[in-house]
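Source file: input26.cif (mmCIF, C-alpha atoms)
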data_protein
#
loop_
_atom_site.label_atom_id
_atom_site.label_comp_id
_atom_site.auth_asym_id
_atom_site.auth_seq_id
_atom_site.Cartn_x
_atom_site.Cartn_y
_atom_site.Cartn_z
CA MET A 1 2.81 13.56 40.25
CA TYR A 2 5.29 16.07 38.80
CA PRO A 3 5.25 18.61 41.67
CA ILE A 4 6.34 16.10 44.30
CA PRO A 5 10.10 16.10 43.45
CA ALA A 6 10.13 19.90 43.27
CA ALA A 7 8.32 20.16 46.60
CA LEU A 8 10.89 17.97 48.34
CA THR A 9 13.90 20.10 47.38
CA GLU A 10 15.01 23.67 47.97
CA PRO A 11 12.74 26.40 46.61
CA THR A 12 15.60 27.71 44.45
CA HIS A 13 15.68 24.53 42.35
CA SER A 14 12.69 25.12 40.11
CA ILE A 15 14.05 23.06 37.22
CA ARG A 16 12.36 19.95 38.63
CA SER A 17 8.96 21.55 38.20
CA ILE A 18 9.56 22.59 34.58
CA VAL A 19 7.88 19.35 33.52
CA GLY A 20 4.52 20.90 34.41
CA ALA A 21 4.94 23.97 32.20
CA PRO A 22 3.47 22.35 29.05
CA LEU A 23 0.49 21.15 31.05
CA PHE A 24 -0.35 24.67 32.19
CA ALA A 25 0.23 26.00 28.67
CA LEU A 26 -2.31 23.47 27.38
CA PHE A 27 -4.79 24.43 30.08
CA SER A 28 -4.36 28.12 29.25
CA GLY A 29 -4.78 27.53 25.52
CA TYR A 30 -7.86 25.40 26.09
CA GLY A 31 -9.31 28.09 28.35
CA LEU A 32 -8.70 30.78 25.71
CA VAL A 33 -10.42 28.66 23.06
CA GLN A 34 -13.38 28.01 25.34
CA ILE A 35 -13.75 31.72 26.11
CA GLY A 36 -13.62 32.40 22.37
CA GLU A 37 -16.34 29.80 21.80
CA TYR A 38 -18.44 31.42 24.52
CA THR A 39 -18.27 34.85 22.85
CA ARG A 40 -20.21 34.09 19.69
CA SER A 41 -21.52 37.59 19.03
CA ARG A 42 -19.38 39.99 16.98
CA LYS A 43 -19.21 42.64 19.68
CA LYS A 44 -18.15 40.23 22.41
CA LEU A 45 -15.63 38.61 20.07
CA ARG A 46 -14.01 41.97 19.27
CA VAL A 47 -13.77 42.84 22.96
CA TYR A 48 -12.34 39.42 23.72
CA ARG A 49 -9.72 39.70 20.98
CA ALA A 50 -8.79 43.23 22.02
CA CYS A 51 -8.37 42.15 25.64
CA THR A 52 -6.34 39.10 24.63
CA VAL A 53 -4.03 41.18 22.43
CA ALA A 54 -3.67 43.79 25.20
CA VAL A 55 -2.74 41.16 27.78
CA LEU A 56 -0.27 39.47 25.43
CA LEU A 57 1.30 42.80 24.50
CA ALA A 58 1.60 43.83 28.15
CA SER A 59 3.17 40.45 28.93
CA VAL A 60 5.75 40.80 26.15
CA ILE A 61 6.61 44.34 27.24
CA TRP A 62 6.97 43.31 30.88
CA TYR A 63 9.10 40.29 29.99
CA SER A 64 11.31 42.40 27.71
CA LYS A 65 11.79 44.97 30.45
CA LEU A 66 12.82 42.31 32.95
CA TYR A 67 15.04 40.48 30.45
CA PHE A 68 16.88 43.43 28.94
CA TYR A 69 17.10 45.74 31.97
CA GLY A 70 16.44 43.85 35.19
CA TYR A 71 18.31 40.63 34.47
CA ARG A 72 21.73 42.27 34.53
CA GLY A 73 21.16 43.56 38.02
CA TYR A 74 19.71 40.59 39.85
CA CYS A 75 21.71 37.86 38.08
CA ALA A 76 25.13 39.52 38.09
CA VAL A 77 26.03 37.64 41.25
CA TRP A 78 25.23 34.28 39.67
CA TRP A 79 27.39 35.08 36.64
CA GLN A 80 30.23 35.98 39.03
CA LYS A 81 30.36 39.60 37.88
CA GLY A 82 33.57 41.21 38.99
CA MET A 83 35.48 38.03 39.79
CA LYS A 84 37.76 38.39 36.75
CA GLU A 85 38.56 42.00 37.64
CA ALA A 86 39.26 41.03 41.25
CA LEU A 87 41.69 38.30 40.19
CA GLU A 88 43.45 40.65 37.78
CA TYR A 89 43.80 43.23 40.56
CA VAL A 90 45.29 40.59 42.86
CA ASP A 91 47.75 39.45 40.18
CA GLU A 92 48.96 43.00 39.53
CA GLY A 93 48.76 44.26 43.11
CA PRO A 94 51.14 44.00 46.03
CA CYS A 95 49.05 41.32 47.78
CA LYS A 96 50.79 38.04 48.61
CA CYS A 97 47.80 36.27 50.12
CA VAL A 98 44.12 36.59 49.23
CA ILE A 99 41.28 34.97 51.13
CA PHE A 100 37.91 34.54 49.43
CA SER A 101 34.71 34.66 51.39
CA ASN A 102 32.63 31.58 51.94
CA ASP A 103 29.59 33.63 50.94
CA PRO A 104 26.97 31.47 49.17
CA HIS A 105 26.82 34.04 46.36
CA PHE A 106 30.37 33.08 45.42
CA PHE A 107 29.90 29.34 45.60
CA PRO A 108 32.55 28.30 43.01
CA ALA A 109 35.06 31.09 43.78
CA TYR A 110 37.98 28.67 44.12
CA ILE A 111 37.43 27.45 40.54
CA PHE A 112 38.21 30.90 39.20
CA VAL A 113 41.48 30.98 41.07
CA ILE A 114 42.52 27.51 39.93
CA PHE A 115 41.67 27.99 36.25
CA SER A 116 42.62 31.65 35.77
#
Any chance you could put this one into structure tokens?
Amino acid sequence: MYPIPAALTEPTHSIRSIVGAPLFALFSGYGLVQIGEYTRSRKKLRVYRACTVAVLLASVIWYSKLYFYGYRGYCAVWWQKGMKEALEYVDEGPCKCVIFSNDPHFFPAYIFVIFS
């Protein structure tokens, strides 16, 4: 029943479907154990372990690349990158009136102005 609340909301709100993550982790672990049980011979077991290690290593490398290099680029908008600098420029500049866009990427822009 867990995917129903997530299916009824916006696709950007994936936190409602996080409840199913342990279920899929259990299924994946059970599947890995069953494949290991299926490969009883030494040669098959070595190939299986080598493939499993290769997939896990590739997954860690890919995740690290996305986390340490890609995250800054595609999540800068959500962390309001540049808003502080823009407000400092407005405070020091000759502008008397500043109008912020109603762009959905800057959803809480007025909060920065009120609390800065």
By how many Å are atom CA of A:Trp78 and atom CA of A:Ile111 apart?
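Atom-to-atom, atom CA of A:Trp78 to atom CA of A:Ile111, that is 14.0 Å.
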Just the number, please: distance in Å from atom CA of A:Glu88 to atom CA of A:Phe112, one decimal.
11.2 Å
From the set A:Ser17, A:Val98, A:Leu32, A:Arg40, which residue has the shortest atom-to-atom contact distance to A:Thr52, counting all atoms listed in the file?
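Counting all atoms listed in the file, the residue closest to A:Thr52 is A:Leu32.
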Which neighbours of A:Tyr2 fall inside 8 Å, counting all atoms listed in the file, when residues of the same chain fewer than 3 positions from it are skipped, and could you give them as an mmCIF file with C-alpha atoms, in the coordinates of the input?
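As a result, part.cif now contains:
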data_model
loop_
_atom_site.group_PDB
_atom_site.id
_atom_site.type_symbol
_atom_site.label_atom_id
_atom_site.label_comp_id
_atom_site.auth_asym_id
_atom_site.auth_seq_id
_atom_site.Cartn_x
_atom_site.Cartn_y
_atom_site.Cartn_z
ATOM 1 C CA PRO A 5 10.100 16.100 43.450
ATOM 2 C CA ALA A 6 10.130 19.900 43.270
ATOM 3 C CA SER A 17 8.960 21.550 38.200
ATOM 4 C CA VAL A 19 7.880 19.350 33.520
ATOM 5 C CA GLY A 20 4.520 20.900 34.410
#
What is the atom CA of A:Arg16-atom CA of A:Ile4 distance in Å, reported with one decimal?
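Separation between atom CA of A:Arg16 and atom CA of A:Ile4: 9.1 Å.
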Selection near A:Ile35, 12 Å with all atoms listed in the file, sequence-local residues under 6 positions removed, as an NGL selection string
:A and (28-29 or 44-45 or 47-49 or 51-52)
With 3 Å on each side, where is the centre of the axis-aligned box around all listed atoms of stretch 1-9 of chain A, and how long are its edges in Å to one decimal, as lines of an AutoDock Vina configuration file?
center_x = 8.4
center_y = 16.9
center_z = 43.6
size_x = 17.1
size_y = 12.6
size_z = 15.5
Got a sec: who's within 12 Å of A:Cys97, counting all atoms listed in the file, leaving out chain neighbours fewer than 5 positions off, as a ChimeraX atom specification?
/A:87,90-91
Could those residues be written to a file, using C-alpha atoms, as a CSV table (one decimal), keeping the file's coordinate frame?
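Saved to out-v6.csv:
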chain,number,residue,atom,x,y,z
A,87,LEU,CA,41.7,38.3,40.2
A,90,VAL,CA,45.3,40.6,42.9
A,91,ASP,CA,47.8,39.4,40.2
